[in-house]
$ cat upload_29.cif   # mmCIF, C-alpha atoms
data_work
loop_
_atom_site.group_PDB
_atom_site.id
_atom_site.type_symbol
_atom_site.label_atom_id
_atom_site.label_comp_id
_atom_site.auth_asym_id
_atom_site.auth_seq_id
_atom_site.Cartn_x
_atom_site.Cartn_y
_atom_site.Cartn_z
ATOM 1 C CA MET X 1 0.000 0.000 0.000
ATOM 2 C CA ASN X 2 1.392 3.421 -1.004
ATOM 3 C CA THR X 3 2.054 5.972 1.730
ATOM 4 C CA PRO X 4 -0.112 9.115 1.267
ATOM 5 C CA PHE X 5 1.777 12.281 0.427
ATOM 6 C CA ILE X 6 -0.197 14.162 3.116
ATOM 7 C CA GLU X 7 -2.160 12.709 5.989
ATOM 8 C CA CYS X 8 -3.934 14.420 8.874
ATOM 9 C CA ARG X 9 -4.637 12.211 11.883
ATOM 10 C CA HIS X 10 -7.051 13.519 14.507
ATOM 11 C CA VAL X 11 -5.725 17.047 14.038
ATOM 12 C CA GLY X 12 -6.955 19.741 16.350
ATOM 13 C CA PHE X 13 -5.796 23.331 16.565
ATOM 14 C CA ALA X 14 -6.677 26.345 18.688
ATOM 15 C CA TYR X 15 -5.442 29.909 18.968
ATOM 16 C CA ALA X 16 -5.183 30.261 22.761
ATOM 17 C CA ASP X 17 -8.670 29.289 23.988
ATOM 18 C CA ARG X 18 -10.337 29.700 20.564
ATOM 19 C CA PRO X 19 -10.672 26.293 18.849
ATOM 20 C CA ILE X 20 -10.285 26.283 15.053
ATOM 21 C CA LEU X 21 -9.992 22.619 13.994
ATOM 22 C CA HIS X 22 -11.456 19.539 15.676
ATOM 23 C CA ASP X 23 -10.437 15.919 15.016
ATOM 24 C CA VAL X 24 -9.585 16.460 11.330
ATOM 25 C CA ASN X 25 -8.768 13.277 9.401
ATOM 26 C CA PHE X 26 -7.978 12.929 5.690
ATOM 27 C CA THR X 27 -5.340 11.701 3.246
ATOM 28 C CA ILE X 28 -4.117 13.082 -0.084
ATOM 29 C CA GLU X 29 -2.315 10.614 -2.321
ATOM 30 C CA ALA X 30 0.788 11.586 -4.287
ATOM 31 C CA GLY X 31 -0.051 13.227 -7.608
ATOM 32 C CA ARG X 32 -3.639 14.021 -6.610
ATOM 33 C CA PHE X 33 -5.291 17.447 -6.746
ATOM 34 C CA ALA X 34 -7.422 18.264 -3.699
ATOM 35 C CA ALA X 35 -9.610 21.288 -3.007
ATOM 36 C CA ILE X 36 -10.280 22.489 0.527
ATOM 37 C CA MET X 37 -13.680 24.171 0.626
ATOM 38 C CA GLY X 38 -15.892 25.681 3.273
ATOM 39 C CA GLY X 39 -17.255 28.991 4.478
ATOM 40 C CA SER X 40 -15.193 31.848 5.850
ATOM 41 C CA GLY X 41 -13.678 31.000 9.221
ATOM 42 C CA SER X 42 -14.043 27.243 8.759
ATOM 43 C CA GLY X 43 -10.306 26.583 9.162
ATOM 44 C CA LYS X 44 -9.108 26.284 5.552
ATOM 45 C CA THR X 45 -6.126 28.644 5.795
ATOM 46 C CA THR X 46 -5.171 27.197 9.186
ATOM 47 C CA LEU X 47 -5.025 23.780 7.536
ATOM 48 C CA LEU X 48 -2.636 25.128 4.872
ATOM 49 C CA ARG X 49 -0.415 26.626 7.568
ATOM 50 C CA LEU X 50 -0.273 23.264 9.320
ATOM 51 C CA ILE X 51 0.765 21.522 6.090
ATOM 52 C CA THR X 52 3.560 24.045 5.465
ATOM 53 C CA GLY X 53 4.794 23.683 9.039
ATOM 54 C CA GLN X 54 4.185 27.323 9.977
ATOM 55 C CA ILE X 55 2.206 26.140 12.984
ATOM 56 C CA GLN X 56 1.901 22.820 14.797
ATOM 57 C CA PRO X 57 -1.350 21.079 15.745
ATOM 58 C CA THR X 58 -2.627 21.351 19.291
ATOM 59 C CA SER X 59 -3.491 17.664 19.060
ATOM 60 C CA GLY X 60 -3.016 14.898 16.505
ATOM 61 C CA SER X 61 -0.391 14.917 13.759
ATOM 62 C CA VAL X 62 0.263 16.075 10.190
ATOM 63 C CA LEU X 63 2.262 13.506 8.215
ATOM 64 C CA ILE X 64 4.271 14.244 5.080
ATOM 65 C CA LYS X 65 5.157 11.048 3.204
ATOM 66 C CA GLY X 66 4.492 9.101 6.398
ATOM 67 C CA ARG X 67 6.572 11.279 8.726
ATOM 68 C CA ASP X 68 5.164 13.517 11.436
ATOM 69 C CA LEU X 69 5.915 17.096 10.425
ATOM 70 C CA ALA X 70 6.422 18.007 14.090
ATOM 71 C CA SER X 71 9.468 15.688 14.192
ATOM 72 C CA PHE X 72 11.242 17.430 11.275
ATOM 73 C CA SER X 73 14.556 19.094 12.078
ATOM 74 C CA ALA X 74 15.055 22.714 10.995
ATOM 75 C CA ALA X 75 16.987 21.502 7.927
ATOM 76 C CA GLU X 76 14.259 18.986 7.030
ATOM 77 C CA LEU X 77 11.539 21.602 7.433
ATOM 78 C CA THR X 78 13.476 23.972 5.172
ATOM 79 C CA GLU X 79 13.801 21.217 2.563
ATOM 80 C CA HIS X 80 10.074 20.485 2.837
ATOM 81 C CA ARG X 81 9.310 24.129 2.112
ATOM 82 C CA ARG X 82 11.774 24.235 -0.776
ATOM 83 C CA SER X 83 9.889 21.388 -2.412
ATOM 84 C CA MET X 84 6.631 23.350 -2.523
ATOM 85 C CA GLY X 85 5.307 26.191 -4.639
ATOM 86 C CA VAL X 86 2.674 28.591 -3.323
ATOM 87 C CA LEU X 87 0.355 30.747 -5.428
ATOM 88 C CA PHE X 88 -0.871 33.425 -3.037
ATOM 89 C CA GLN X 89 -4.374 34.858 -3.165
ATOM 90 C CA HIS X 90 -3.444 38.094 -4.936
ATOM 91 C CA GLY X 91 -0.192 36.934 -6.535
ATOM 92 C CA ALA X 92 2.098 38.697 -4.026
ATOM 93 C CA LEU X 93 4.601 39.818 -6.640
ATOM 94 C CA PHE X 94 7.521 41.945 -5.434
ATOM 95 C CA THR X 95 6.476 45.398 -6.600
ATOM 96 C CA ASP X 96 10.023 46.733 -6.973
ATOM 97 C CA LEU X 97 11.242 43.809 -9.092
ATOM 98 C CA SER X 98 10.648 43.249 -12.790
ATOM 99 C CA VAL X 99 8.738 40.226 -14.076
ATOM 100 C CA LEU X 100 12.053 38.529 -14.844
ATOM 101 C CA ASP X 101 13.440 39.175 -11.363
ATOM 102 C CA ASN X 102 10.206 38.043 -9.689
ATOM 103 C CA ILE X 103 10.299 34.659 -11.421
ATOM 104 C CA ALA X 104 14.072 34.355 -11.023
ATOM 105 C CA PHE X 105 13.884 35.084 -7.284
ATOM 106 C CA PRO X 106 13.415 31.483 -6.036
ATOM 107 C CA MET X 107 16.023 30.221 -8.521
ATOM 108 C CA ARG X 108 18.597 32.719 -7.247
ATOM 109 C CA GLU X 109 17.740 32.081 -3.601
ATOM 110 C CA LEU X 110 17.597 28.286 -3.674
ATOM 111 C CA THR X 111 19.962 27.177 -6.443
ATOM 112 C CA GLN X 112 23.474 27.831 -7.746
ATOM 113 C CA LEU X 113 22.391 28.101 -11.368
ATOM 114 C CA PRO X 114 24.281 30.595 -13.560
ATOM 115 C CA GLU X 115 22.407 33.727 -14.641
ATOM 116 C CA SER X 116 22.320 32.630 -18.283
ATOM 117 C CA VAL X 117 20.460 29.443 -17.324
ATOM 118 C CA ILE X 118 18.116 31.361 -14.994
ATOM 119 C CA HIS X 119 17.208 33.778 -17.789
ATOM 120 C CA ASP X 120 16.416 30.865 -20.111
ATOM 121 C CA LEU X 121 14.295 29.169 -17.442
ATOM 122 C CA VAL X 122 12.368 32.381 -16.817
ATOM 123 C CA LYS X 123 11.526 32.562 -20.518
ATOM 124 C CA LEU X 124 10.387 28.925 -20.466
ATOM 125 C CA LYS X 125 8.145 29.512 -17.440
ATOM 126 C CA LEU X 126 6.648 32.632 -19.015
ATOM 127 C CA HIS X 127 6.069 30.712 -22.236
ATOM 128 C CA ALA X 128 4.198 28.066 -20.209
ATOM 129 C CA VAL X 129 1.745 30.717 -18.977
ATOM 130 C CA GLY X 130 1.517 32.453 -22.362
ATOM 131 C CA LEU X 131 3.448 35.613 -21.432
ATOM 132 C CA ARG X 132 6.917 35.248 -22.952
ATOM 133 C CA GLY X 133 8.150 38.694 -23.994
ATOM 134 C CA ILE X 134 7.074 40.689 -20.917
ATOM 135 C CA GLU X 135 10.218 39.973 -18.876
ATOM 136 C CA HIS X 136 11.128 43.678 -18.671
ATOM 137 C CA LEU X 137 7.744 44.891 -17.356
ATOM 138 C CA MET X 138 7.108 45.875 -13.733
ATOM 139 C CA PRO X 139 4.134 44.508 -11.730
ATOM 140 C CA SER X 140 2.450 47.935 -11.857
ATOM 141 C CA GLU X 141 2.320 47.620 -15.648
ATOM 142 C CA LEU X 142 0.419 44.326 -15.575
ATOM 143 C CA SER X 143 -3.319 43.694 -15.546
ATOM 144 C CA GLY X 144 -4.726 41.619 -12.694
ATOM 145 C CA GLY X 145 -4.924 38.511 -14.867
ATOM 146 C CA MET X 146 -1.376 38.948 -16.173
ATOM 147 C CA ALA X 147 -0.026 39.458 -12.652
ATOM 148 C CA ARG X 148 -1.680 36.211 -11.513
ATOM 149 C CA ARG X 149 -0.122 34.364 -14.463
ATOM 150 C CA VAL X 150 3.323 35.783 -13.634
ATOM 151 C CA ALA X 151 2.803 34.659 -10.028
ATOM 152 C CA LEU X 152 1.955 31.175 -11.314
ATOM 153 C CA ALA X 153 5.143 31.171 -13.401
ATOM 154 C CA ARG X 154 7.113 32.017 -10.240
ATOM 155 C CA THR X 155 5.279 29.287 -8.326
ATOM 156 C CA ILE X 156 6.421 26.627 -10.808
ATOM 157 C CA ALA X 157 9.947 28.071 -11.165
ATOM 158 C CA LEU X 158 11.574 25.054 -9.471
ATOM 159 C CA ASP X 159 9.073 22.381 -10.579
ATOM 160 C CA PRO X 160 7.783 21.758 -7.019
ATOM 161 C CA GLU X 161 6.397 18.389 -5.985
ATOM 162 C CA LEU X 162 3.780 20.068 -3.764
ATOM 163 C CA MET X 163 1.657 22.936 -5.095
ATOM 164 C CA LEU X 164 -0.497 25.108 -2.827
ATOM 165 C CA TYR X 165 -3.073 27.488 -4.299
ATOM 166 C CA ASP X 166 -4.691 29.999 -1.928
ATOM 167 C CA GLU X 167 -7.888 31.325 -3.543
ATOM 168 C CA PRO X 168 -6.290 31.539 -7.026
ATOM 169 C CA PHE X 169 -9.460 32.877 -8.708
ATOM 170 C CA THR X 170 -10.164 35.803 -6.366
ATOM 171 C CA GLY X 171 -10.722 39.159 -8.060
ATOM 172 C CA LEU X 172 -10.392 37.934 -11.655
ATOM 173 C CA ASP X 173 -12.747 38.715 -14.519
ATOM 174 C CA PRO X 174 -14.396 35.679 -16.202
ATOM 175 C CA ILE X 175 -11.824 35.486 -19.021
ATOM 176 C CA SER X 176 -8.803 35.762 -16.711
ATOM 177 C CA LEU X 177 -10.405 33.266 -14.342
ATOM 178 C CA GLY X 178 -10.863 30.791 -17.178
ATOM 179 C CA VAL X 179 -7.256 31.272 -18.267
ATOM 180 C CA ILE X 180 -5.891 30.687 -14.754
ATOM 181 C CA ALA X 181 -8.082 27.591 -14.304
ATOM 182 C CA HIS X 182 -6.820 26.247 -17.645
ATOM 183 C CA LEU X 183 -3.187 26.957 -16.713
ATOM 184 C CA ILE X 184 -3.514 25.348 -13.273
ATOM 185 C CA HIS X 185 -4.931 22.244 -14.942
ATOM 186 C CA ARG X 186 -2.067 22.145 -17.474
ATOM 187 C CA VAL X 187 0.608 22.768 -14.852
ATOM 188 C CA ASN X 188 -0.607 19.983 -12.595
ATOM 189 C CA LYS X 189 -0.802 17.518 -15.454
ATOM 190 C CA ALA X 190 2.690 18.467 -16.666
ATOM 191 C CA LEU X 191 4.433 18.462 -13.270
ATOM 192 C CA ARG X 192 2.373 15.627 -11.759
ATOM 193 C CA SER X 193 2.564 17.523 -8.497
ATOM 194 C CA THR X 194 0.502 16.821 -5.430
ATOM 195 C CA SER X 195 -1.713 19.899 -5.223
ATOM 196 C CA ILE X 196 -4.013 21.566 -2.715
ATOM 197 C CA MET X 197 -6.288 24.484 -3.525
ATOM 198 C CA VAL X 198 -8.216 26.548 -0.999
ATOM 199 C CA THR X 199 -11.158 27.979 -2.901
ATOM 200 C CA HIS X 200 -14.749 29.204 -2.815
ATOM 201 C CA ASP X 201 -15.159 28.831 -6.576
ATOM 202 C CA VAL X 202 -17.348 25.770 -6.971
ATOM 203 C CA GLY X 203 -17.868 25.830 -10.736
ATOM 204 C CA HIS X 204 -14.259 25.737 -11.908
ATOM 205 C CA SER X 205 -12.895 23.790 -8.945
ATOM 206 C CA LEU X 206 -15.189 20.816 -9.437
ATOM 207 C CA GLN X 207 -13.822 20.495 -12.980
ATOM 208 C CA LEU X 208 -10.163 20.639 -11.885
ATOM 209 C CA VAL X 209 -9.730 18.537 -8.765
ATOM 210 C CA ASP X 210 -9.751 14.832 -7.925
ATOM 211 C CA GLN X 211 -10.762 15.239 -4.301
ATOM 212 C CA ILE X 212 -12.738 17.710 -2.179
ATOM 213 C CA ILE X 213 -12.296 18.220 1.544
ATOM 214 C CA PHE X 214 -15.220 20.240 2.926
ATOM 215 C CA LEU X 215 -14.837 22.010 6.278
ATOM 216 C CA ALA X 216 -17.503 23.552 8.504
ATOM 217 C CA HIS X 217 -16.897 24.830 12.027
ATOM 218 C CA GLY X 218 -13.421 23.280 11.965
ATOM 219 C CA GLU X 219 -14.673 19.778 11.218
ATOM 220 C CA ILE X 220 -14.645 17.754 8.020
ATOM 221 C CA LEU X 221 -18.162 17.217 6.738
ATOM 222 C CA PHE X 222 -17.077 15.524 3.526
ATOM 223 C CA SER X 223 -13.995 14.104 1.812
ATOM 224 C CA GLY X 224 -14.377 12.476 -1.585
ATOM 225 C CA SER X 225 -14.663 13.042 -5.315
ATOM 226 C CA PRO X 226 -16.511 15.977 -6.930
ATOM 227 C CA GLN X 227 -19.114 13.509 -8.216
ATOM 228 C CA GLU X 228 -19.763 12.210 -4.691
ATOM 229 C CA MET X 229 -19.991 15.757 -3.351
ATOM 230 C CA ALA X 230 -22.587 16.711 -5.947
ATOM 231 C CA GLN X 231 -24.747 13.818 -4.705
ATOM 232 C CA SER X 232 -24.293 14.605 -1.001
ATOM 233 C CA ASP X 233 -27.382 14.974 1.189
ATOM 234 C CA SER X 234 -25.610 17.405 3.555
ATOM 235 C CA GLU X 235 -27.562 20.639 3.965
ATOM 236 C CA TRP X 236 -24.252 22.466 4.524
ATOM 237 C CA ILE X 237 -22.867 21.271 1.203
ATOM 238 C CA LYS X 238 -26.124 21.966 -0.660
ATOM 239 C CA GLN X 239 -26.178 25.526 0.652
ATOM 240 C CA PHE X 240 -22.512 26.070 -0.297
ATOM 241 C CA ILE X 241 -22.736 24.588 -3.803
ATOM 242 C CA ASN X 242 -25.955 26.405 -4.679
ATOM 243 C CA GLY X 243 -25.109 29.700 -2.946
ATOM 244 C CA LEU X 244 -28.344 29.672 -0.955
ATOM 245 C CA PRO X 245 -28.866 32.703 1.324
ATOM 246 C CA ASN X 246 -30.320 30.635 4.147
ATOM 247 C CA GLY X 247 -29.650 27.200 5.581
ATOM 248 C CA PRO X 248 -27.225 25.879 8.206
ATOM 249 C CA VAL X 249 -25.472 29.232 7.769
ATOM 250 C CA ALA X 250 -28.420 31.412 8.751
ATOM 251 C CA PHE X 251 -29.207 34.690 7.022
ATOM 252 C CA ARG X 252 -30.090 36.452 10.289
ATOM 253 C CA PHE X 253 -27.690 36.871 13.186
ATOM 254 C CA PRO X 254 -29.275 35.379 16.353
ATOM 255 C CA ALA X 255 -29.898 38.649 18.224
ATOM 256 C CA GLN X 256 -30.703 38.373 21.928
ATOM 257 C CA THR X 257 -33.776 40.584 21.665
ATOM 258 C CA SER X 258 -36.617 40.933 19.187
ATOM 259 C CA LEU X 259 -36.836 43.827 16.732
ATOM 260 C CA GLN X 260 -39.884 45.131 18.624
ATOM 261 C CA GLU X 261 -37.903 45.269 21.874
ATOM 262 C CA ASP X 262 -35.027 47.072 20.210
ATOM 263 C CA LEU X 263 -37.242 49.693 18.562
ATOM 264 C CA LEU X 264 -39.995 50.166 21.144
ATOM 265 C CA GLY X 265 -38.341 48.981 24.326
ATOM 266 C CA LYS X 266 -41.216 46.513 24.828
ATOM 267 C CA LYS X 267 -41.462 42.759 25.105
#

$ encode --input "upload_29.cif" --output "structure tokens"
Amino acid sequence: MNTPFIECRHVGFAYADRPILHDVNFTIEAGRFAAIMGGSGSGKTTLLRLITGQIQPTSGSVLIKGRDLASFSAAELTEHRRSMGVLFQHGALFTDLSVLDNIAFPMRELTQLPESVIHDLVKLKLHAVGLRGIEHLMPSELSGGMARRVALARTIALDPELMLYDEPFTGLDPISLGVIAHLIHRVNKALRSTSIMVTHDVGHSLQLVDQIIFLAHGEILFSGSPQEMAQSDSEWIKQFINGLPNGPVAFRFPAQTSLQEDLLGKK
């Protein structure tokens, strides 16, 4: 039996006395593409931070290729992070660096490659996202969609074995969103990376991923294929997929008094 690339075993996490995750269990096999979905505040970003080793679980364990991440030495944790690429929510390009220098940054920091090779690799990465020829531009000269594509080129600069996408479709127009979804699909097929995407975009995500992990109130309500999710009887999942204004996530905040009391001072 193959060892999962990522496994969470009974993971719990709390910030001081505020619990975020409760008894989270799932596995992601090597080469699979998983989406982490759920409403705001459900624990999605916290889960990503646990996988990258930025924080450690309050209880349970996060395993990378069968090893508890908490047992990694500083050198092993650094190597784990070097093997991953992260596409941040808004691209997070360095505003004072050109497109070329943004994409070259991880190559210069983490390798001993000569500049001539780095320049060639930058052109190859830009070609992969359809933007070869803009190496000299600054981030301020790019549209939102172009900036996200440059950020993706930087993410794949070192052909990472683990790809993390944090809300990659946020703030994009429909055409740019479609382009980024297409590129993410191509990149994952080409690199055969293990990939995790935190997203609220149901439509495109269901077409891209192999597995969906659905969180609510810090607990996993569902883990399975997009087809299985579409057939789920969970009211939480139905409300999320269909964008319903009312359901388990109520439209009205549960105020302690009635509207009549607030306005008239009467019961």

$ atom_distance --input "upload_29.cif" --atom1 "atom CA of Ala157 of chain X" --atom2 "atom CA of His80 of chain X"
15.9 Å

$ closest_residue --input "upload_29.cif" --among "X:Thr95, X:Gln112, X:Ser234, X:Gln227" --to "Met138 of chain X" --atoms "all atoms listed in the file"
X:Thr95

$ closest_atom_pairs --input "upload_29.cif" --of "segment 157-221 of chain X" --to "segment 10-19 of chain X" --cutoff "10 Å" --atoms "only C-alpha atoms" --output "tab-separated table"
residue	atom	partner	partner_atom	distance
X:His217	CA	X:Pro19	CA	9.4
X:Gly218	CA	X:Pro19	CA	8.0
X:Glu219	CA	X:Gly12	CA	9.3

$ atom_distance --input "upload_29.cif" --atom1 "atom CA of Ala74 of chain X" --atom2 "atom CA of Ser61 of chain X"
17.5 Å

$ resolve_selection --input "upload_29.cif" --expression "the PyMOL selection byres ((chain X and resi 40-44) around 8)" --output "PyMOL selection string"
chain X and resi 20-21+36-39+45-48+198+215-219

$ closest_residue --input "upload_29.cif" --among "X:Arg49, X:His22, X:His127, X:Lys65" --to "Asn2 of chain X" --atoms "only C-alpha atoms"
X:Lys65

$ closest_residue --input "upload_29.cif" --among "X:Ser176, X:Asn102, X:Gln207, X:Thr58" --to "Ala153 of chain X" --atoms "all atoms listed in the file"
X:Asn102

$ atom_distance --input "upload_29.cif" --atom1 "atom CA of Gln54 of chain X" --atom2 "atom CA of Ile196 of chain X"
16.2 Å

$ resolve_selection --input "upload_29.cif" --expression "the PyMOL selection byres ((chain X and resi 161) around 9)" --output "NGL selection string"
:X and (30-31 or 83-85 or 159-160 or 162-163 or 191-195)

$ closest_residue --input "upload_29.cif" --among "X:Arg67, X:Arg148, X:His136, X:His200" --to "Val122 of chain X" --atoms "only C-alpha atoms"
X:His136

$ resolve_selection --input "upload_29.cif" --expression "the PyMOL selection byres ((chain X and resi 172) around 12)" --output "ChimeraX atom specification"
/X:89-91,143-149,167-171,173-181,201

$ closest_residue --input "upload_29.cif" --among "X:Ile55, X:Leu263, X:Ile118, X:Val150" --to "Ser98 of chain X" --atoms "all atoms listed in the file"
X:Val150

$ residues_around --input "upload_29.cif" --residues "Phe88 of chain X" --least-positions-apart "4" --cutoff "10 Å" --atoms "all atoms listed in the file" --output "PyMOL selection string"
chain X and resi 92-93+148+151-152+155+164-168

$ write_last_selection --input "upload_29.cif" --atoms "C-alpha atoms" --output "compact mmCIF listing (two decimals), in the coordinates of the input"
# COMPACT_ATOMS: atom_id res chain seq x y z
CA ALA X 92 2.10 38.70 -4.03
CA LEU X 93 4.60 39.82 -6.64
CA ARG X 148 -1.68 36.21 -11.51
CA ALA X 151 2.80 34.66 -10.03
CA LEU X 152 1.96 31.18 -11.31
CA THR X 155 5.28 29.29 -8.33
CA LEU X 164 -0.50 25.11 -2.83
CA TYR X 165 -3.07 27.49 -4.30
CA ASP X 166 -4.69 30.00 -1.93
CA GLU X 167 -7.89 31.32 -3.54
CA PRO X 168 -6.29 31.54 -7.03

$ residues_near_point --input "upload_29.cif" --point "(-12.9, 22.7, -4.0)" --cutoff "8 Å" --atoms "only C-alpha atoms" --output "CSV table (one decimal) with C-alpha atoms, in the coordinates of the input"
chain,number,residue,atom,x,y,z
X,34,ALA,CA,-7.4,18.3,-3.7
X,35,ALA,CA,-9.6,21.3,-3.0
X,36,ILE,CA,-10.3,22.5,0.5
X,37,MET,CA,-13.7,24.2,0.6
X,197,MET,CA,-6.3,24.5,-3.5
X,198,VAL,CA,-8.2,26.5,-1.0
X,199,THR,CA,-11.2,28.0,-2.9
X,200,HIS,CA,-14.7,29.2,-2.8
X,201,ASP,CA,-15.2,28.8,-6.6
X,202,VAL,CA,-17.3,25.8,-7.0
X,205,SER,CA,-12.9,23.8,-8.9
X,206,LEU,CA,-15.2,20.8,-9.4
X,209,VAL,CA,-9.7,18.5,-8.8
X,211,GLN,CA,-10.8,15.2,-4.3
X,212,ILE,CA,-12.7,17.7,-2.2
X,213,ILE,CA,-12.3,18.2,1.5
X,214,PHE,CA,-15.2,20.2,2.9

$ axis_aligned_box --input "upload_29.cif" --around "segment 90-95 of chain X" --padding-each-side "6 Å" --output "JSON"
{"center_x": 2.0, "center_y": 41.2, "center_z": -5.3, "size_x": 23.0, "size_y": 20.5, "size_z": 14.6}

$ closest_residue --input "upload_29.cif" --among "X:Trp236, X:Leu137, X:Ile220, X:Leu208" --to "Asp96 of chain X" --atoms "only C-alpha atoms"
X:Leu137

$ decode --input "upload_29.cif" --residues "segment 40-56 of chain X" --atoms "N, CA, C and O atoms" --output "short mmCIF file (atom, residue, chain, number, x, y, z; two decimals), in the first residue's frame"
data_model
loop_
_atom_site.label_atom_id
_atom_site.label_comp_id
_atom_site.auth_asym_id
_atom_site.auth_seq_id
_atom_site.Cartn_x
_atom_site.Cartn_y
_atom_site.Cartn_z
N SER X 40 -16.21 31.04 5.18
CA SER X 40 -15.19 31.85 5.85
C SER X 40 -15.11 31.47 7.32
O SER X 40 -16.14 31.28 7.98
N GLY X 41 -13.87 31.35 7.82
CA GLY X 41 -13.68 31.00 9.22
C GLY X 41 -13.80 29.53 9.54
O GLY X 41 -13.82 29.14 10.71
N SER X 42 -13.88 28.68 8.51
CA SER X 42 -14.04 27.24 8.76
C SER X 42 -12.73 26.52 9.06
O SER X 42 -12.74 25.36 9.46
N GLY X 43 -11.60 27.19 8.84
CA GLY X 43 -10.31 26.58 9.16
C GLY X 43 -9.45 26.21 7.97
O GLY X 43 -8.43 25.54 8.11
N LYS X 44 -9.82 26.68 6.78
CA LYS X 44 -9.11 26.28 5.55
C LYS X 44 -7.66 26.79 5.55
O LYS X 44 -6.73 26.02 5.30
N THR X 45 -7.48 28.08 5.81
CA THR X 45 -6.13 28.64 5.80
C THR X 45 -5.29 28.06 6.92
O THR X 45 -4.08 27.83 6.76
N THR X 46 -5.90 27.83 8.07
CA THR X 46 -5.17 27.20 9.19
C THR X 46 -4.65 25.83 8.77
O THR X 46 -3.51 25.46 9.09
N LEU X 47 -5.45 25.09 8.02
CA LEU X 47 -5.02 23.78 7.54
C LEU X 47 -3.81 23.90 6.62
O LEU X 47 -2.86 23.11 6.71
N LEU X 48 -3.80 24.90 5.73
CA LEU X 48 -2.64 25.13 4.87
C LEU X 48 -1.40 25.44 5.70
O LEU X 48 -0.30 24.96 5.41
N ARG X 49 -1.55 26.25 6.72
CA ARG X 49 -0.42 26.63 7.57
C ARG X 49 0.13 25.43 8.33
O ARG X 49 1.34 25.33 8.58
N LEU X 50 -0.72 24.50 8.67
CA LEU X 50 -0.27 23.26 9.32
C LEU X 50 0.54 22.41 8.35
O LEU X 50 1.56 21.82 8.71
N ILE X 51 0.09 22.34 7.10
CA ILE X 51 0.77 21.52 6.09
C ILE X 51 2.14 22.10 5.74
O ILE X 51 3.09 21.35 5.45
N THR X 52 2.27 23.43 5.76
CA THR X 52 3.56 24.05 5.47
C THR X 52 4.48 24.07 6.68
O THR X 52 5.66 24.43 6.56
N GLY X 53 3.97 23.70 7.84
CA GLY X 53 4.79 23.68 9.04
C GLY X 53 4.94 25.04 9.71
O GLY X 53 5.79 25.20 10.59
N GLN X 54 4.12 26.01 9.33
CA GLN X 54 4.18 27.32 9.98
C GLN X 54 3.69 27.25 11.41
O GLN X 54 4.15 28.01 12.27
N ILE X 55 2.73 26.38 11.64
CA ILE X 55 2.21 26.14 12.98
C ILE X 55 2.12 24.64 13.21
O ILE X 55 2.17 23.85 12.26
N GLN X 56 2.03 24.23 14.46
CA GLN X 56 1.90 22.82 14.80
C GLN X 56 0.54 22.55 15.43
O GLN X 56 -0.01 23.42 16.12
#
